[in-house]
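> Please find one structure pasted underneath; my questions will follow.
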Amino acid sequence: MLKQLYKALVSKNNAIEEKSLGRIIRHQSHAISRNSISINALNVALSLQKAGYDAYIVGGAVRDLLLKKKPKDFDIATDATPEQIRALFKRARIIGRRFKIVHVRYGRELIEVTTFRANHDTKFKGKSSITNNKGMLIRDNVYGTLHDDALRRDFTINALYFNAQNLTIIDHLNAIEDLKKRKLKIIGNPINRYKEDPVRMLRAIRLNIKLKFSIDNETSRPIKDLSPLIKQVSNARLYDEVLKLFLHGYGKDTFISLRKFNIFKQLFPQTEEILKKNTNQSKKYILLITNSLSNTDDRIKKNKPITPAFLFAVLLWPVLDSFKKEFNKKNLYKDEVQNIINEQLKTVAIPKRFIPSMKDIWYLQKKLENFSAQKSLQTINHPRFRAAYDFLILRSSVDINLKEKSSYWTDLQKSNPKKYSKK
């Protein structure tokens, strides 16, 4: 009888521990091993634990490992403050004002370390988080517990914590079940969470396409109505998000989904204004973009080079092409090109180094369409010829009038590839 009582007490204490820590998944019940984790991420996590702090590999890396995918990076969550983290590692620096995080660098690899965050209403050292009048977080360095931190993550499947020391996974939000069901579910009230950080709407679409998950109805329902909140996000941050959306191998499906949820309009308002007209020409533009993104997806899968300049040249082409009647008025055309770019920069910040390439791709379209045998050599030796030629091929896939012109440039390169190859 005493033995049975002891077992019952032990079972009760274990249940209390699991409730406070979250569901603990032992190593025997999952397939993640230290060998599947970056040695540098292990070093950061174990060094923090050795120094007396809690530290876990967290988020997308844990999710991807459980899905038998290779993570692109590893993030760490800990109860150490940014200053305490920085003091432990030589090549560490604190970045950010809105969210303070620590970057620990090992050669080319960057390990991102964040301190457990608490609910926004919680006060830390007399301070609380700050939101603007639309509910968007503009300052948030309020620290809390692991459980608090889990509730602050964006989606349940990103709220899994792997302990590199004992190889357990802590799951506060039944994320393992959502992974099994392949369901994307936001944590907390979707409307409030999107208002806090509108980029979460972009992440929902990107993860849905990338992982081929279904989006929970409560998670997806508010996105279309709240999509204008994207305009609150800085254009520099949206540039990074656009690259994540379109240059990770799922651009075509992402474009279709962004338009469905009214988000493409917030990122590329000039382009969407033309695409939504439902004319034969607007349908050709949509097909051009989907064909181009499909081509980019293939290049990524084959590890071929890609450039943001080509992506933006494609996505803004419908706007520019609507002014093609002015092609012969050179100065006006150049002014219009710059006006289109300036307008786009208000929403998405295109780095200056890519803008000359974009313009060359556009300007060369006229030369490729109105070619002469005498000037072909000069055109084909232009540094941006290949990108412009690839764009002409894509345009000819939706415009039969360009087939003959694209064939001319194809045949010219085949006739003497050494003569016309870029030196």
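Order determines the names: the first chain of the structure tokens is A, the second B, and so forth; residues in each chain are numbered 1 upward, and ligands are numbered 1 upward as they are shown.
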For segment 308-313 of chain A, work out the shell of residues within 8 Å, counting only C-alpha atoms and skipping chain neighbours fewer than 5 positions away, then give it as a PyMOL selection string.
chain A and resi 243+354-355+357-359+361-362+387
> Write a file of the selected residues as a PDB file, in the first residue's frame, keeping N, CA, C and O atoms.

ATOM      1  N   LEU A 243      11.740  39.219 -50.376  1.00  0.00           N
ATOM      2  CA  LEU A 243      12.711  38.208 -50.798  1.00  0.00           C
ATOM      3  C   LEU A 243      12.358  36.844 -50.218  1.00  0.00           C
ATOM      4  O   LEU A 243      12.467  35.822 -50.906  1.00  0.00           O
ATOM      5  N   PHE A 354      20.618  47.490 -56.982  1.00  0.00           N
ATOM      6  CA  PHE A 354      19.834  46.701 -57.930  1.00  0.00           C
ATOM      7  C   PHE A 354      19.109  47.550 -58.973  1.00  0.00           C
ATOM      8  O   PHE A 354      18.681  47.037 -60.014  1.00  0.00           O
ATOM      9  N   ILE A 355      18.941  48.824 -58.697  1.00  0.00           N
ATOM     10  CA  ILE A 355      18.143  49.677 -59.583  1.00  0.00           C
ATOM     11  C   ILE A 355      18.754  49.841 -60.975  1.00  0.00           C
ATOM     12  O   ILE A 355      18.029  49.742 -61.981  1.00  0.00           O
ATOM     13  N   SER A 357      20.483  47.705 -62.679  1.00  0.00           N
ATOM     14  CA  SER A 357      20.228  46.443 -63.394  1.00  0.00           C
ATOM     15  C   SER A 357      18.781  46.355 -63.855  1.00  0.00           C
ATOM     16  O   SER A 357      18.493  45.922 -64.977  1.00  0.00           O
ATOM     17  N   MET A 358      17.858  46.752 -62.986  1.00  0.00           N
ATOM     18  CA  MET A 358      16.441  46.767 -63.367  1.00  0.00           C
ATOM     19  C   MET A 358      16.219  47.644 -64.589  1.00  0.00           C
ATOM     20  O   MET A 358      15.553  47.242 -65.558  1.00  0.00           O
ATOM     21  N   LYS A 359      16.788  48.850 -64.535  1.00  0.00           N
ATOM     22  CA  LYS A 359      16.603  49.790 -65.651  1.00  0.00           C
ATOM     23  C   LYS A 359      17.196  49.241 -66.941  1.00  0.00           C
ATOM     24  O   LYS A 359      16.589  49.374 -68.016  1.00  0.00           O
ATOM     25  N   ILE A 361      17.573  46.090 -67.810  1.00  0.00           N
ATOM     26  CA  ILE A 361      16.694  45.023 -68.304  1.00  0.00           C
ATOM     27  C   ILE A 361      15.519  45.624 -69.067  1.00  0.00           C
ATOM     28  O   ILE A 361      15.132  45.147 -70.136  1.00  0.00           O
ATOM     29  N   TRP A 362      14.948  46.697 -68.517  1.00  0.00           N
ATOM     30  CA  TRP A 362      13.817  47.364 -69.175  1.00  0.00           C
ATOM     31  C   TRP A 362      14.250  48.081 -70.456  1.00  0.00           C
ATOM     32  O   TRP A 362      13.616  47.917 -71.491  1.00  0.00           O
ATOM     33  N   ALA A 387      20.260  38.810 -68.922  1.00  0.00           N
ATOM     34  CA  ALA A 387      19.063  39.004 -68.104  1.00  0.00           C
ATOM     35  C   ALA A 387      17.928  39.571 -68.949  1.00  0.00           C
ATOM     36  O   ALA A 387      16.766  39.142 -68.830  1.00  0.00           O
TER      37      ALA A 387
END
> Which residues, written as a list in words, have at least one atom at most 10 Å from Ala204 of chain A, with only C-alpha atoms counted and residues fewer than 3 positions away on the same chain left out?
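The filter keeps Asp154, Phe155, Leu184, Lys185, Ile186, Val199, Arg200, Met201, Leu207, Asn208, Ile209, Lys210, Ile215, Thr219, Ser220 and Ile223 of chain A.
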> For the selection you just gave me, I'd like the residues written to a file as a PDB file, in the first residue's frame, keeping C-alpha atoms.

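New file again07.pdb:
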ATOM      1  CA  ASP A 154       3.613  33.701 -33.777  1.00  0.00           C
ATOM      2  CA  PHE A 155       2.331  30.194 -34.634  1.00  0.00           C
ATOM      3  CA  LEU A 184      -0.946  26.410 -39.237  1.00  0.00           C
ATOM      4  CA  LYS A 185      -2.524  28.091 -36.223  1.00  0.00           C
ATOM      5  CA  ILE A 186      -1.714  31.511 -34.792  1.00  0.00           C
ATOM      6  CA  VAL A 199       4.287  40.881 -40.937  1.00  0.00           C
ATOM      7  CA  ARG A 200       2.709  37.830 -39.275  1.00  0.00           C
ATOM      8  CA  MET A 201       0.184  37.847 -42.127  1.00  0.00           C
ATOM      9  CA  LEU A 207       4.626  29.033 -44.189  1.00  0.00           C
ATOM     10  CA  ASN A 208       1.341  27.783 -45.606  1.00  0.00           C
ATOM     11  CA  ILE A 209       2.856  27.571 -49.095  1.00  0.00           C
ATOM     12  CA  LYS A 210       6.315  26.379 -48.051  1.00  0.00           C
ATOM     13  CA  ILE A 215      -4.305  27.470 -42.419  1.00  0.00           C
ATOM     14  CA  THR A 219      -5.981  32.313 -38.448  1.00  0.00           C
ATOM     15  CA  SER A 220      -6.842  33.054 -42.079  1.00  0.00           C
ATOM     16  CA  ILE A 223      -6.071  38.550 -43.101  1.00  0.00           C
TER      17      ILE A 223
END
> Skipping near chain neighbours, those fewer than 5 positions away, what residues fall within 12 Å of Lys276 of chain A using only C-alpha atoms, listed as a PyMOL selection string?
chain A and resi 259-260+262+264-265+269-271+281-286+318
> Considering only C-alpha atoms, state which residue in the set A:Leu247, A:Leu202, A:Leu238, A:Leu167 is at the smallest distance from Asp298 of chain A.
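Closest to Asp298 of chain A of all the choices is A:Leu247.
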> Could you tell me, as a ChimeraX atom specification, which residues of segment 230-333 of chain A DSSP assigns to alpha helix (DSSP H) when given the backbone?
/A:235-246,251-260,264-267,269-275,280-301,308-321,330-333
> For Arg86 of chain A, list every protein, DNA or RNA residue within 12 Å, evaluated using only C-alpha atoms, and leave out those in the same chain fewer than 4 positions away; present the list as a PyMOL selection string.
chain A and resi 44+48+80-82+90-95+100-105+112-115
> By how many Å are atom CA of Asn35 of chain A and atom CA of Pro71 of chain A apart?
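Separation of atom CA of Asn35 of chain A and atom CA of Pro71 of chain A: 12.9 Å.
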> Taking 5 positions as the minimum chain separation for residues in the same chain, which residues sit within 10 Å of His382 of chain A when counting only C-alpha atoms? Answer as a list in words.
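Here the qualifying residues turn out to be Asp360, Leu364, Leu377, Ala388 and Lys422 of chain A.
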> Give the answer as one residue: which of A:Leu394, A:Leu110, A:Ala41, A:Val142 has the shortest atom-to-atom distance to Asp79 of chain A, using only C-alpha atoms?
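Residue with the minimum atom-to-atom distance to Asp79 of chain A: A:Val142.
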> Provide the atom CA of Leu315 of chain A to atom CA of Ser227 of chain A distance in Å, to one decimal place.
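A separation of 19.2 Å between them.
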> Considering only C-alpha atoms, state which residue in the set A:Thr290, A:Gln365, A:Phe213, A:Asp321 is at the smallest distance from Val337 of chain A.
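Ranking A:Thr290, A:Gln365, A:Phe213, A:Asp321 by distance to Val337 of chain A, first place goes to A:Asp321.
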> Which residues come within 8 Å of Arg206 of chain A, counting only C-alpha atoms, excluding same-chain residues fewer than 5 positions away, as a PyMOL selection string?
chain A and resi 244-245+254
> Skip Gln378 of chain A itself and residues of its chain fewer than 2 positions away, then list as JSON, numbers by chain all residues within 12 Å of it, counting only C-alpha atoms.
{"A": [364, 367, 368, 371, 372, 373, 374, 375, 376, 380, 381, 382, 383, 384, 385, 419, 420, 422]}
> Could you turn the residues from that selection into a file that holds N, CA, C and O atoms, as a PDB file, in the first residue's frame?

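Ended up saving to again.pdb:
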ATOM      1  N   LEU A 364      16.723  47.587 -72.415  1.00  0.00           N
ATOM      2  CA  LEU A 364      17.163  46.669 -73.476  1.00  0.00           C
ATOM      3  C   LEU A 364      15.993  46.000 -74.199  1.00  0.00           C
ATOM      4  O   LEU A 364      16.175  45.468 -75.295  1.00  0.00           O
ATOM      5  N   LYS A 367      15.592  47.562 -77.535  1.00  0.00           N
ATOM      6  CA  LYS A 367      16.619  47.165 -78.500  1.00  0.00           C
ATOM      7  C   LYS A 367      16.421  45.734 -78.982  1.00  0.00           C
ATOM      8  O   LYS A 367      16.686  45.411 -80.143  1.00  0.00           O
ATOM      9  N   LEU A 368      15.958  44.878 -78.092  1.00  0.00           N
ATOM     10  CA  LEU A 368      15.731  43.485 -78.478  1.00  0.00           C
ATOM     11  C   LEU A 368      14.519  43.345 -79.399  1.00  0.00           C
ATOM     12  O   LEU A 368      14.479  42.456 -80.249  1.00  0.00           O
ATOM     13  N   PHE A 371      15.481  45.282 -83.311  1.00  0.00           N
ATOM     14  CA  PHE A 371      16.889  44.999 -83.571  1.00  0.00           C
ATOM     15  C   PHE A 371      17.269  45.299 -85.020  1.00  0.00           C
ATOM     16  O   PHE A 371      16.430  45.351 -85.915  1.00  0.00           O
ATOM     17  N   SER A 372      18.563  45.485 -85.205  1.00  0.00           N
ATOM     18  CA  SER A 372      19.133  45.590 -86.542  1.00  0.00           C
ATOM     19  C   SER A 372      20.393  44.739 -86.560  1.00  0.00           C
ATOM     20  O   SER A 372      21.104  44.652 -85.550  1.00  0.00           O
ATOM     21  N   ALA A 373      20.677  44.123 -87.681  1.00  0.00           N
ATOM     22  CA  ALA A 373      21.840  43.239 -87.782  1.00  0.00           C
ATOM     23  C   ALA A 373      23.130  43.988 -87.463  1.00  0.00           C
ATOM     24  O   ALA A 373      24.055  43.443 -86.855  1.00  0.00           O
ATOM     25  N   GLN A 374      23.184  45.274 -87.831  1.00  0.00           N
ATOM     26  CA  GLN A 374      24.403  46.047 -87.629  1.00  0.00           C
ATOM     27  C   GLN A 374      24.704  46.282 -86.144  1.00  0.00           C
ATOM     28  O   GLN A 374      25.854  46.337 -85.742  1.00  0.00           O
ATOM     29  N   LYS A 375      23.641  46.418 -85.334  1.00  0.00           N
ATOM     30  CA  LYS A 375      23.839  46.749 -83.926  1.00  0.00           C
ATOM     31  C   LYS A 375      23.694  45.547 -82.986  1.00  0.00           C
ATOM     32  O   LYS A 375      23.772  45.688 -81.763  1.00  0.00           O
ATOM     33  N   SER A 376      23.493  44.373 -83.575  1.00  0.00           N
ATOM     34  CA  SER A 376      23.272  43.184 -82.751  1.00  0.00           C
ATOM     35  C   SER A 376      24.465  42.849 -81.873  1.00  0.00           C
ATOM     36  O   SER A 376      24.322  42.474 -80.709  1.00  0.00           O
ATOM     37  N   ILE A 380      24.360  42.456 -77.877  1.00  0.00           N
ATOM     38  CA  ILE A 380      24.593  41.152 -77.250  1.00  0.00           C
ATOM     39  C   ILE A 380      25.777  41.180 -76.280  1.00  0.00           C
ATOM     40  O   ILE A 380      25.892  40.337 -75.394  1.00  0.00           O
ATOM     41  N   ASN A 381      26.660  42.161 -76.438  1.00  0.00           N
ATOM     42  CA  ASN A 381      27.795  42.295 -75.531  1.00  0.00           C
ATOM     43  C   ASN A 381      27.517  43.230 -74.352  1.00  0.00           C
ATOM     44  O   ASN A 381      28.413  43.503 -73.553  1.00  0.00           O
ATOM     45  N   HIS A 382      26.281  43.688 -74.253  1.00  0.00           N
ATOM     46  CA  HIS A 382      25.906  44.517 -73.110  1.00  0.00           C
ATOM     47  C   HIS A 382      25.950  43.657 -71.835  1.00  0.00           C
ATOM     48  O   HIS A 382      25.525  42.498 -71.846  1.00  0.00           O
ATOM     49  N   PRO A 383      26.466  44.186 -70.734  1.00  0.00           N
ATOM     50  CA  PRO A 383      26.586  43.394 -69.493  1.00  0.00           C
ATOM     51  C   PRO A 383      25.271  42.799 -68.996  1.00  0.00           C
ATOM     52  O   PRO A 383      25.269  41.768 -68.327  1.00  0.00           O
ATOM     53  N   ARG A 384      24.145  43.438 -69.330  1.00  0.00           N
ATOM     54  CA  ARG A 384      22.843  42.945 -68.865  1.00  0.00           C
ATOM     55  C   ARG A 384      22.085  42.216 -69.981  1.00  0.00           C
ATOM     56  O   ARG A 384      20.901  41.938 -69.841  1.00  0.00           O
ATOM     57  N   PHE A 385      22.763  41.904 -71.067  1.00  0.00           N
ATOM     58  CA  PHE A 385      22.058  41.272 -72.193  1.00  0.00           C
ATOM     59  C   PHE A 385      21.377  39.984 -71.772  1.00  0.00           C
ATOM     60  O   PHE A 385      20.217  39.752 -72.116  1.00  0.00           O
ATOM     61  N   LYS A 419      31.768  33.731 -79.977  1.00  0.00           N
ATOM     62  CA  LYS A 419      31.828  35.142 -80.381  1.00  0.00           C
ATOM     63  C   LYS A 419      30.921  35.992 -79.521  1.00  0.00           C
ATOM     64  O   LYS A 419      31.251  37.132 -79.168  1.00  0.00           O
ATOM     65  N   TYR A 420      29.758  35.430 -79.138  1.00  0.00           N
ATOM     66  CA  TYR A 420      28.789  36.232 -78.421  1.00  0.00           C
ATOM     67  C   TYR A 420      28.724  35.930 -76.927  1.00  0.00           C
ATOM     68  O   TYR A 420      27.856  36.413 -76.237  1.00  0.00           O
ATOM     69  N   LYS A 422      29.764  36.166 -73.050  1.00  0.00           N
ATOM     70  CA  LYS A 422      30.268  37.274 -72.237  1.00  0.00           C
ATOM     71  C   LYS A 422      31.666  36.949 -71.731  1.00  0.00           C
ATOM     72  O   LYS A 422      31.908  35.869 -71.199  1.00  0.00           O
TER      73      LYS A 422
END
> I'd like to know which of A:Asn158, A:Thr296, A:Gln84, A:Thr168 is closest to His248 of chain A, using only C-alpha atoms.
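When distances to His248 of chain A are compared using only C-alpha atoms, the smallest one comes from A:Thr296.
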> Measuring between only C-alpha atoms, which one of A:Arg97, A:Lys70, A:Arg34, A:His147 shows the shortest distance to Leu173 of chain A?
A:His147
> Record the distance separating atom CA of Ile157 of chain A and atom CA of Pro198 of chain A, expressed in Å with one decimal.
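We find that atom CA of Ile157 of chain A and atom CA of Pro198 of chain A lie 18.7 Å from each other.
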> Taking only C-alpha atoms into account, which of A:Leu275, A:Ile111, A:Leu211, A:Phe323 comes nearest Asp64 of chain A?
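That would be A:Leu211, the residue with the smallest distance to Asp64 of chain A.
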